[in-house]
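What follows is the content of structure-v1.txt, which has compact mmCIF, C-alpha atoms:
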# COMPACT_ATOMS: atom_id res chain seq x y z
CA MET A 263 6.93 9.28 -20.49
CA PRO A 264 4.89 10.56 -17.56
CA ALA A 265 6.66 10.89 -14.23
CA PRO A 266 5.52 8.59 -11.44
CA THR A 267 3.37 9.58 -8.49
CA PRO A 268 5.50 9.58 -5.34
CA SER A 269 4.88 7.11 -2.54
CA GLN A 270 3.64 8.22 0.91
CA THR A 271 3.22 6.34 4.18
CA VAL A 272 0.16 4.17 4.77
CA GLY A 273 -0.11 5.93 8.16
CA PRO A 274 -1.55 4.45 11.34
CA PHE A 275 -5.25 4.64 10.41
CA TYR A 276 -5.56 2.29 7.44
CA GLY A 277 -7.08 -0.27 9.80
CA TYR A 278 -10.77 0.16 8.95
CA ALA A 279 -10.00 0.48 5.25
CA LEU A 280 -7.46 -1.99 3.90
CA PRO A 281 -7.73 -5.17 5.99
CA PHE A 282 -10.66 -7.36 5.03
CA PRO A 283 -12.25 -10.50 6.50
CA ARG A 284 -10.21 -13.64 5.83
CA GLY A 285 -7.43 -11.54 4.29
CA GLY A 286 -4.89 -14.06 5.54
CA ASP A 287 -6.83 -17.14 4.39
CA VAL A 288 -5.33 -17.51 0.93
CA ALA A 289 -5.72 -21.29 0.90
CA PRO A 290 -9.19 -22.69 0.20
CA ASP A 291 -10.94 -23.77 3.39
CA GLY A 292 -9.81 -27.13 4.68
CA HIS A 293 -7.21 -27.71 1.97
CA PRO A 294 -4.95 -30.51 3.19
CA GLU A 295 -1.79 -28.86 1.86
CA THR A 296 -2.34 -25.56 3.65
CA ILE A 297 0.80 -24.01 5.09
CA THR A 298 0.98 -21.24 7.69
CA LEU A 299 3.47 -18.45 7.12
CA HIS A 300 3.79 -16.10 10.07
CA GLY A 301 6.15 -13.86 11.98
CA TYR A 302 6.78 -10.53 13.62
CA VAL A 303 7.60 -7.11 12.20
CA LEU A 304 10.31 -5.45 14.32
CA ASP A 305 11.85 -1.98 14.25
CA GLY A 306 15.49 -0.86 14.67
CA GLU A 307 15.31 -1.39 18.44
CA GLY A 308 13.74 -4.81 18.11
CA GLN A 309 10.36 -3.47 19.19
CA PRO A 310 7.23 -4.86 17.54
CA VAL A 311 5.56 -2.73 14.88
CA PRO A 312 1.83 -2.94 15.64
CA ASP A 313 0.73 -0.70 12.77
CA ALA A 314 2.25 -2.51 9.81
CA LEU A 315 0.39 -4.18 6.97
CA ILE A 316 1.72 -7.20 5.09
CA GLU A 317 0.60 -8.16 1.59
CA THR A 318 1.53 -11.44 -0.04
CA TRP A 319 1.48 -12.52 -3.66
CA GLN A 320 2.40 -15.91 -5.11
CA PRO A 321 1.69 -18.41 -7.86
CA GLY A 322 -0.93 -21.07 -7.32
CA PRO A 323 0.19 -24.65 -6.66
CA ASP A 324 -0.09 -25.26 -10.41
CA GLY A 325 2.38 -22.44 -11.08
CA SER A 326 -0.24 -20.07 -12.45
CA ARG A 327 0.51 -16.41 -11.79
CA ALA A 328 -2.85 -15.16 -12.98
CA GLY A 329 -4.41 -15.05 -9.53
CA ALA A 330 -8.18 -14.75 -9.26
CA PRO A 331 -10.53 -11.94 -8.31
CA GLY A 332 -12.79 -12.18 -5.29
CA SER A 333 -10.50 -11.49 -2.34
CA LEU A 334 -12.56 -8.49 -1.23
CA ARG A 335 -16.05 -9.87 -1.84
CA HIS A 336 -19.06 -8.16 -0.19
CA ASP A 337 -22.12 -9.67 1.39
CA PRO A 338 -24.80 -8.95 -1.23
CA VAL A 339 -27.49 -8.39 1.43
CA THR A 340 -25.78 -6.16 3.95
CA GLY A 341 -23.13 -4.73 1.63
CA ARG A 342 -20.56 -5.37 4.34
CA PRO A 343 -17.17 -6.86 3.52
CA PHE A 344 -17.41 -10.62 3.41
CA GLY A 345 -13.97 -11.66 2.22
CA ARG A 346 -13.13 -14.71 0.20
CA ASP A 347 -15.59 -17.41 -0.76
CA GLY A 348 -13.34 -20.08 0.77
CA VAL A 349 -13.03 -21.95 -2.54
CA ALA A 350 -11.01 -19.93 -5.05
CA PHE A 351 -7.26 -19.51 -4.64
CA THR A 352 -6.69 -15.80 -5.37
CA GLY A 353 -2.93 -15.73 -4.76
CA PHE A 354 -3.21 -12.52 -2.78
CA GLY A 355 -3.08 -12.02 0.97
CA ARG A 356 -3.36 -8.92 3.14
CA VAL A 357 -3.05 -8.85 6.92
CA PRO A 358 -2.31 -6.16 9.50
CA THR A 359 0.10 -6.84 12.34
CA ASP A 360 -1.51 -7.19 15.76
CA ALA A 361 -0.53 -5.42 18.98
CA ASP A 362 2.51 -7.73 19.24
CA GLY A 363 3.62 -6.94 15.71
CA HIS A 364 2.57 -10.43 14.62
CA TRP A 365 1.03 -11.45 11.29
CA ALA A 366 0.01 -14.76 9.73
CA VAL A 367 -1.26 -16.05 6.41
CA ARG A 368 -2.54 -19.55 5.64
CA THR A 369 -1.80 -20.42 2.05
CA LEU A 370 -0.72 -23.15 -0.33
CA PRO A 371 2.87 -23.86 -1.33
CA PRO A 372 3.75 -21.68 -4.33
CA GLY A 373 4.03 -23.62 -7.59
CA GLY A 374 7.21 -23.38 -9.66
CA VAL A 375 9.09 -21.14 -7.24
CA SER A 376 10.17 -21.55 -3.65
CA TYR A 377 9.11 -18.16 -2.29
CA VAL A 378 6.12 -16.04 -1.38
CA SER A 379 6.51 -12.34 -2.29
CA LEU A 380 5.80 -9.80 0.42
CA ALA A 381 5.17 -6.06 0.52
CA VAL A 382 5.54 -4.31 3.87
CA PHE A 383 3.69 -1.09 4.75
CA ALA A 384 3.79 0.77 8.07
CA ARG A 385 3.38 4.08 9.77
CA GLY A 386 6.81 5.70 9.50
CA LEU A 387 7.64 3.87 6.30
CA LEU A 388 7.41 6.43 3.50
CA HIS A 389 7.80 3.90 0.72
CA HIS A 390 6.75 0.28 1.17
CA LEU A 391 9.34 -2.48 1.07
CA PHE A 392 9.45 -5.73 -0.89
CA THR A 393 10.94 -8.94 0.35
CA ARG A 394 10.55 -12.70 -0.18
CA ALA A 395 9.87 -15.50 2.25
CA TYR A 396 11.58 -18.61 0.87
CA VAL A 397 9.82 -21.68 2.16
CA VAL A 398 12.51 -23.83 0.57
CA ASP A 399 16.21 -22.90 0.77
CA GLU A 400 16.68 -23.42 -2.95
CA PRO A 401 20.35 -24.23 -3.71
CA GLY A 402 20.26 -22.86 -7.25
CA ASP A 403 18.30 -19.69 -6.56
CA ALA A 404 20.05 -16.70 -8.12
CA LEU A 405 18.97 -14.20 -5.49
CA LEU A 406 19.85 -16.39 -2.51
CA GLY A 407 23.10 -17.36 -4.16
CA SER A 408 24.11 -13.74 -4.59
CA LEU A 409 23.90 -12.97 -0.87
CA PRO A 410 26.38 -13.61 1.94
CA PRO A 411 25.13 -16.33 4.32
CA GLU A 412 24.06 -13.95 7.08
CA ARG A 413 21.91 -11.86 4.78
CA ARG A 414 20.64 -14.87 2.87
CA ALA A 415 19.32 -16.31 6.11
CA THR A 416 16.94 -13.36 6.51
CA LEU A 417 15.01 -14.48 3.42
CA VAL A 418 14.57 -18.11 4.39
CA ALA A 419 11.51 -18.94 6.46
CA ARG A 420 12.27 -21.27 9.35
CA SER A 421 10.32 -24.51 9.49
CA GLU A 422 8.80 -24.52 12.98
CA ALA A 423 6.39 -27.40 12.83
CA PRO A 424 4.86 -29.45 10.03
CA ARG A 425 3.53 -27.02 7.43
CA THR A 426 4.33 -24.00 9.63
CA TYR A 427 6.97 -21.44 8.67
CA ARG A 428 8.27 -18.51 10.69
CA PHE A 429 9.38 -15.38 8.85
CA ASP A 430 10.26 -12.30 10.91
CA ILE A 431 10.73 -8.96 9.20
CA ARG A 432 13.37 -6.71 10.77
CA LEU A 433 13.11 -3.24 9.29
CA GLN A 434 16.48 -2.08 10.59
CA GLY A 435 19.53 -3.12 12.59
CA ASP A 436 20.76 -6.55 13.66
CA GLY A 437 19.55 -9.19 11.28
CA GLU A 438 17.95 -6.57 9.05
CA THR A 439 15.83 -8.31 6.43
CA VAL A 440 17.02 -8.17 2.84
CA PHE A 441 14.66 -5.88 0.93
CA LEU A 442 14.37 -5.90 -2.83
CA GLU A 443 13.77 -3.36 -5.52
CA PHE A 444 12.61 -3.89 -9.05
CA PRO A 445 14.41 -1.23 -11.05
CA PRO A 446 12.15 1.07 -13.03
CA GLU A 447 12.82 2.00 -16.59
CA SER A 448 15.40 4.78 -16.21
CA ALA A 449 13.99 8.12 -17.22
CA MET B 1170 21.47 10.37 15.96
CA THR B 1171 21.30 7.84 13.21
CA THR B 1172 24.02 7.63 10.66
CA LEU B 1173 23.42 9.64 7.54
CA THR B 1174 25.33 7.33 5.26
CA ASN B 1175 23.66 4.88 3.00
CA THR B 1176 20.17 5.68 4.18
CA ASP B 1177 18.60 6.59 0.89
CA THR B 1178 18.77 3.17 -0.60
CA ASP B 1179 16.82 3.93 -3.73
CA THR B 1180 18.49 4.10 -7.06
CA GLY B 1181 19.27 7.55 -8.39
CA ALA B 1182 16.48 7.34 -10.93
CA GLU B 1183 13.95 6.47 -8.27
CA SER B 1184 14.98 8.87 -5.53
CA ALA B 1185 14.00 11.87 -7.62
CA HIS B 1186 10.42 10.63 -7.55
CA HIS B 1187 9.94 8.86 -4.24
CA PRO B 1188 10.82 9.94 -0.71
CA PRO B 1189 13.87 8.50 1.01
CA ARG B 1190 12.75 6.07 3.67
CA ASP B 1191 14.93 7.86 6.20
CA HIS B 1192 13.47 11.33 6.61
CA PRO B 1193 14.35 12.62 10.13
CA PRO B 1194 11.72 15.41 10.21
CA TYR B 1195 9.13 12.59 10.11
CA ARG B 1196 10.07 11.06 13.45
CA SER B 1197 8.44 7.70 12.97
CA SER B 1198 10.75 6.97 10.04
CA ARG B 1199 13.82 6.84 12.30
CA LEU B 1200 13.65 3.21 13.41
CA ARG B 1201 11.59 1.94 10.51
CA HIS B 1202 13.85 2.22 7.50
CA PRO B 1203 16.46 -0.30 6.40
CA LYS B 1204 20.06 0.84 6.52
CA GLN B 1205 21.34 -1.80 4.13
CA PRO B 1206 20.97 -0.99 0.44
CA LEU B 1207 18.02 -2.60 -1.29
CA ILE B 1208 18.97 -5.49 -3.56
CA PRO B 1209 18.05 -4.70 -7.17
CA LEU B 1210 16.43 -7.63 -8.93
CA ARG B 1211 16.26 -7.86 -12.70
CA ASP B 1212 14.72 -11.26 -13.19
CA PRO B 1213 12.26 -11.77 -16.03
CA GLU B 1214 10.92 -14.81 -14.16
CA ALA B 1215 10.27 -12.91 -10.92
CA VAL B 1216 6.82 -13.53 -9.49
CA GLU B 1217 6.65 -9.82 -8.64
CA LEU B 1218 6.25 -9.03 -12.34
CA SER B 1219 2.78 -10.54 -12.26
CA GLY B 1220 0.01 -9.11 -10.22
CA PRO B 1221 -2.98 -9.75 -8.04
CA ALA B 1222 -6.24 -9.92 -9.97
CA PHE B 1223 -9.31 -7.99 -8.93
CA GLY B 1224 -12.68 -7.81 -10.57
CA VAL B 1225 -16.31 -6.89 -10.22
CA THR B 1226 -16.75 -9.26 -7.28
CA ASP B 1227 -14.30 -7.11 -5.31
CA VAL B 1228 -16.35 -3.92 -5.42
CA ALA B 1229 -19.94 -3.19 -4.49
CA ALA B 1230 -22.30 -0.63 -5.94
CA LEU B 1231 -21.90 1.97 -3.19
CA ASP B 1232 -18.18 1.55 -2.65
CA SER B 1233 -17.19 4.51 -4.81
CA ASP B 1234 -19.69 6.93 -3.23
CA LEU B 1235 -18.59 7.48 0.35
CA THR B 1236 -21.55 9.80 0.94
CA ARG B 1237 -24.08 6.97 0.45
CA GLN B 1238 -22.68 4.31 2.75
CA HIS B 1239 -24.87 5.33 5.70
CA PRO B 1240 -28.54 6.32 6.05
CA GLY B 1241 -27.88 10.06 6.28
CA GLU B 1242 -25.75 12.62 4.53
CA PRO B 1243 -22.26 13.17 5.91
CA LEU B 1244 -21.22 16.62 7.05
CA GLY B 1245 -18.85 18.68 4.97
CA GLU B 1246 -18.11 19.82 1.48
CA ARG B 1247 -19.10 17.07 -1.01
CA ILE B 1248 -16.42 16.48 -3.64
CA THR B 1249 -15.89 14.33 -6.70
CA VAL B 1250 -12.34 13.02 -7.07
CA SER B 1251 -11.52 11.55 -10.45
CA GLY B 1252 -8.53 10.94 -12.65
CA ARG B 1253 -6.70 8.39 -14.73
CA VAL B 1254 -4.31 5.69 -13.66
CA LEU B 1255 -1.43 5.38 -16.12
CA ASP B 1256 1.78 3.39 -16.27
CA ARG B 1257 5.21 4.84 -16.97
CA GLY B 1258 4.58 4.33 -20.67
CA GLY B 1259 1.52 6.58 -20.48
CA ARG B 1260 -0.84 3.66 -21.09
CA PRO B 1261 -4.11 3.48 -19.16
CA VAL B 1262 -4.15 0.88 -16.41
CA ARG B 1263 -7.53 -0.77 -16.89
CA GLY B 1264 -9.77 -2.83 -14.63
CA GLN B 1265 -7.54 -2.23 -11.65
CA LEU B 1266 -8.52 -1.78 -8.05
CA VAL B 1267 -8.26 1.71 -6.56
CA GLU B 1268 -8.82 2.02 -2.82
CA LEU B 1269 -8.94 5.18 -0.74
CA TRP B 1270 -9.43 6.15 2.89
CA GLN B 1271 -9.58 9.45 4.71
CA ALA B 1272 -10.60 11.43 7.77
CA ASN B 1273 -14.05 13.02 7.94
CA ALA B 1274 -14.77 16.71 7.36
CA SER B 1275 -13.65 17.62 10.86
CA GLY B 1276 -10.37 15.75 10.60
CA ARG B 1277 -11.21 12.59 12.52
CA TYR B 1278 -10.72 9.02 11.33
CA ALA B 1279 -13.32 6.38 12.12
CA HIS B 1280 -10.56 4.47 13.87
CA GLN B 1281 -10.41 3.43 17.52
CA LEU B 1282 -6.90 4.81 17.95
CA ASP B 1283 -7.64 8.27 16.53
CA ARG B 1284 -8.16 10.26 19.75
CA HIS B 1285 -8.28 13.69 18.13
CA PRO B 1286 -11.24 15.32 19.91
CA ALA B 1287 -13.09 16.31 16.77
CA PRO B 1288 -16.56 14.87 16.15
CA LEU B 1289 -17.06 11.51 14.55
CA ASP B 1290 -19.65 11.60 11.79
CA PRO B 1291 -22.22 8.77 12.04
CA ASN B 1292 -22.80 9.11 8.31
CA PHE B 1293 -19.19 8.87 7.20
CA THR B 1294 -16.67 6.06 7.55
CA GLY B 1295 -14.20 7.25 4.93
CA PHE B 1296 -13.34 4.19 2.90
CA GLY B 1297 -14.03 3.43 -0.74
CA ARG B 1298 -12.88 1.39 -3.69
CA CYS B 1299 -13.54 1.14 -7.41
CA LEU B 1300 -12.12 -0.39 -10.56
CA THR B 1301 -10.61 1.72 -13.31
CA ASP B 1302 -12.57 1.73 -16.56
CA ASP B 1303 -11.35 1.12 -20.12
CA ASP B 1304 -9.80 4.58 -20.15
CA GLY B 1305 -7.99 3.96 -16.86
CA THR B 1306 -10.34 6.39 -15.13
CA TYR B 1307 -11.41 6.11 -11.49
CA SER B 1308 -14.03 8.25 -9.79
CA PHE B 1309 -15.17 8.74 -6.19
CA THR B 1310 -17.75 10.89 -4.46
CA THR B 1311 -16.75 11.81 -0.93
CA VAL B 1312 -16.39 14.83 1.37
CA LYS B 1313 -13.33 17.01 1.71
CA PRO B 1314 -11.35 15.73 4.71
CA GLY B 1315 -10.33 18.11 7.47
CA ALA B 1316 -6.83 18.84 8.72
CA TYR B 1317 -5.87 17.31 12.07
CA PRO B 1318 -3.10 17.69 14.62
CA TRP B 1319 -0.49 15.04 15.31
CA SER B 1320 2.34 14.85 17.76
CA ASN B 1321 5.32 14.85 15.41
CA HIS B 1322 6.47 18.37 16.38
CA THR B 1323 5.10 21.62 17.82
CA ASN B 1324 1.99 22.75 15.99
CA ALA B 1325 2.11 19.75 13.69
CA TRP B 1326 -1.10 19.51 11.65
CA ARG B 1327 -1.51 17.25 8.69
CA PRO B 1328 -2.85 19.07 5.64
CA ALA B 1329 -6.12 17.70 4.30
CA HIS B 1330 -5.32 14.52 2.38
CA ILE B 1331 -6.84 11.34 1.00
CA HIS B 1332 -4.89 8.07 1.12
CA PHE B 1333 -4.82 6.03 -2.11
CA SER B 1334 -3.84 2.40 -2.68
CA LEU B 1335 -3.19 1.01 -6.18
CA PHE B 1336 -1.90 -2.22 -7.69
CA GLY B 1337 -1.37 -1.94 -11.42
CA THR B 1338 -0.52 -5.03 -13.39
CA ALA B 1339 2.46 -6.19 -11.33
CA PHE B 1340 3.06 -6.64 -7.62
CA ALA B 1341 6.20 -4.54 -8.14
CA GLN B 1342 4.01 -1.66 -9.37
CA ARG B 1343 2.25 -1.38 -6.01
CA LEU B 1344 1.67 2.18 -4.77
CA VAL B 1345 0.30 3.64 -1.55
CA THR B 1346 0.23 7.42 -1.59
CA GLN B 1347 -1.67 10.51 -0.47
CA MET B 1348 -3.50 13.17 -2.46
CA TYR B 1349 -3.41 16.77 -1.19
CA PHE B 1350 -5.54 19.81 -2.03
CA PRO B 1351 -4.32 22.92 -3.86
CA GLY B 1352 -3.81 26.12 -1.90
CA ASP B 1353 -3.65 24.39 1.50
CA PRO B 1354 -1.58 26.66 3.78
CA LEU B 1355 -0.31 23.60 5.68
CA LEU B 1356 1.49 22.07 2.70
CA PRO B 1357 4.84 23.80 3.33
CA TYR B 1358 4.90 22.57 6.94
CA ASP B 1359 4.10 18.90 6.48
CA PRO B 1360 7.15 16.62 6.85
CA ILE B 1361 5.38 13.71 5.18
CA LEU B 1362 4.62 15.64 1.99
CA ARG B 1363 8.03 17.31 2.18
CA SER B 1364 9.76 13.94 2.39
CA VAL B 1365 9.46 14.17 -1.39
CA SER B 1366 12.38 16.51 -1.96
CA ASP B 1367 11.77 17.38 -5.59
CA GLU B 1368 9.31 20.25 -5.99
CA SER B 1369 7.79 18.99 -9.22
CA ALA B 1370 7.39 15.51 -7.76
CA ARG B 1371 5.70 17.03 -4.71
CA GLN B 1372 3.31 18.93 -6.96
CA ARG B 1373 2.23 15.62 -8.47
CA LEU B 1374 0.65 14.78 -5.12
CA VAL B 1375 -1.63 17.84 -5.26
CA CYS B 1376 -4.93 17.55 -7.13
CA ALA B 1377 -6.42 20.33 -9.27
CA TYR B 1378 -9.85 21.88 -8.92
CA ASP B 1379 -11.69 20.96 -12.13
CA HIS B 1380 -14.84 22.95 -12.82
CA ASP B 1381 -15.98 20.47 -15.46
CA LEU B 1382 -15.89 17.67 -12.87
CA SER B 1383 -18.13 19.60 -10.49
CA VAL B 1384 -21.71 18.32 -10.40
CA PRO B 1385 -24.47 20.99 -10.34
CA GLU B 1386 -26.15 21.38 -6.96
CA TRP B 1387 -24.07 18.48 -5.68
CA SER B 1388 -20.27 18.47 -5.56
CA LEU B 1389 -17.01 20.23 -6.34
CA GLY B 1390 -14.72 18.44 -8.77
CA HIS B 1391 -11.07 17.59 -8.25
CA ARG B 1392 -8.86 15.91 -10.81
CA TRP B 1393 -5.86 13.83 -9.88
CA ASP B 1394 -4.03 11.54 -12.26
CA ILE B 1395 -1.83 8.77 -10.88
CA VAL B 1396 1.22 7.32 -12.63
CA LEU B 1397 2.40 3.93 -11.41
CA ASP B 1398 6.09 3.32 -11.26
CA GLY B 1399 7.10 -0.14 -12.19
CA PRO B 1400 9.92 -2.40 -13.17
CA SER B 1401 11.14 -1.97 -16.71
CA ALA B 1402 9.65 -5.32 -17.67
CA THR B 1403 6.11 -4.05 -17.15
CA LEU B 1404 6.61 -1.56 -19.96
CA PHE B 1405 7.08 -4.27 -22.51
CA GLU B 1406 4.20 -6.57 -21.84
CA GLU B 1407 2.46 -7.90 -24.88
CA GLY B 1408 -0.86 -6.28 -25.62
CA ASP B 1409 -2.99 -4.16 -23.36
CA ASP B 1410 -4.66 -6.86 -21.35
CA HIS B 1411 -4.18 -6.92 -17.66

What does this structure look like when you write it as structure tokens?
Amino acid sequence: MPAPTPSQTVGPFYGYALPFPRGGDVAPDGHPETITLHGYVLDGEGQPVPDALIETWQPGPDGSRAGAPGSLRHDPVTGRPFGRDGVAFTGFGRVPTDADGHWAVRTLPPGGVSYVSLAVFARGLLHHLFTRAYVVDEPGDALLGSLPPERRATLVARSEAPRTYRFDIRLQGDGETVFLEFPPESA
Amino acid sequence: MTTLTNTDTDTGAESAHHPPRDHPPYRSSRLRHPKQPLIPLRDPEAVELSGPAFGVTDVAALDSDLTRQHPGEPLGERITVSGRVLDRGGRPVRGQLVELWQANASGRYAHQLDRHPAPLDPNFTGFGRCLTDDDGTYSFTTVKPGAYPWSNHTNAWRPAHIHFSLFGTAFAQRLVTQMYFPGDPLLPYDPILRSVSDESARQRLVCAYDHDLSVPEWSLGHRWDIVLDGPSATLFEEGDDH
């Protein structure tokens, strides 16, 4: 079996390349069930990380995990990035953090599971990290159930307001977020 | 100093291939790596075993030729970069999005925060994307990026490199990496490349000049194959569809 290509940092200058218009607008425009999932990315000293990139992936409200193409659509006249068409639910979100280390996606509640999957990239992070934002603290969830309460709490998004969930990502130190790995086939 | 215990949280199998997240010679890694071990998840129902879908609506005609995105020709040595995207089973990864970004020929990014006083090129932005074909092959036309200084340590210069972003067929197969050029004298001094401790793994980040990929009177060819790591479950999917 071929050996994998090693990971490298996304660096600080992905900003004109990876983010795209409406990258955080996963929900179709005006959908009444839209939820907002947002938070801060913080480093080991609690300082905001302004050059991080968050990607999200989730099932549609019907539980489908097929997603849909069209997140990165171009304007056919100018050729410039246009982003989503505002109608299809693609399941995929991508947003950079701002100067305060803050990010936000507007999406629909995931169907069949109680979490949105996240990948975290940043300057200084040589290999991206996976985590989950649970929008429901699911009593029977195997992952949540396997964690001590303090660590478990880092995976559960806090309900701030109707349909608004806060999920901070602490890369290191006090309240460090639980990060996941999906074991590869051992060589 | 940070503690040296429990910082490489990858599994043994993975750490031979990927860099540890704590790599002190790369200063920015110090406060940005978790100190708790990662939690391994072997769940056949995990959402992360499925993947974002991309298709023809996500790429435009000129996206894969970075030398044609502006009215004039960019400065520098025009290159073709091509290769195959494979999974750990050696199977081509088809119809998948490949994105890349890079500095221009003088080593400057078209980014507001890049203050390196090298010229910006009005005919080069440095971003492209394409979909892999039925053979798993991607191909870009661009210019060879320049080296540039950074403040990590005395005389720190990044070797010429192109950033790549890939998805594969599962969110857990996601890869962001960098491709380097053979014979670059800066390679032994770069803490980001050298964060990959295994020499053969490091070599997998260096492309090869490929004379057959060169285009007459046009570009020099470089071949670079990419192998996506992934959870064991992605090796046993039914069929070859993505």

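Each of A:Glu412, A:Asp291, A:Glu317, A:Asp399 was compared to chain B using all atoms listed in the file, and A:Glu317 turns out to be the nearest.
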
TODO: Please identify every residue of chain B that has at least one atom no more than 6 Å from any atom of chain A, counting all atoms listed in the file, and report them as an NGL selection string.
DONE: :B and (1182 or 1186-1187 or 1190 or 1197-1198 or 1200-1203 or 1207-1210 or 1221-1224 or 1226-1227 or 1257-1259 or 1296 or 1345-1347 or 1395-1401)

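Going from CA of Gly1264 in chain B over to CA of Thr1301 in chain B, you cover 4.8 Å.
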
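Shortest separation to Ala419 in chain A among A:Asp347, A:Ile431, A:Gly292, A:Trp365 occurs at residue A:Ile431, atoms counted being all atoms listed in the file.
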
TODO: Could you please give me, as JSON, numbers by chain, the residues of protein, DNA or RNA lying at most 6 Å from (-19.2, 7.5, 4.7) in the coordinate frame of the file, considering only C-alpha atoms?
DONE: {"B": [1235, 1236, 1238, 1292, 1293, 1294, 1295]}

Task: Near-Val1375 in chain B list (10 Å; all atoms listed in the file; drop same-chain fewer than 2 positions) as a list in words - done: His1330, Gln1347, Met1348, Tyr1349, Phe1350, Pro1351, Gly1352, Asp1353, Leu1356, Leu1362, Ala1370, Arg1371, Gln1372, Arg1373, Ala1377, Tyr1378, His1391, Arg1392, Trp1393 and Asp1394 of chain B

- [ ] Grab the CA of His1380 in chain B to CA of Pro1354 in chain B distance for me, in Å with one decimal place.
- [x] 21.6 Å

TODO: Would you work out the distance separating CA of Gly1252 in chain B from CA of Ser1308 in chain B, expressed in Å to one decimal?
DONE: 6.8 Å

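With distances taken over all atoms listed in the file, B:Leu1218 is the one residue among B:Ala1329, B:Ala1316, B:Leu1244, B:Leu1218 lying closest to Arg1343 in chain B.
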
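Using only C-alpha atoms, the smallest distance between any of A:Leu406, A:Val303, A:Val339, A:Ile316 and Asp362 in chain A comes from A:Val303.
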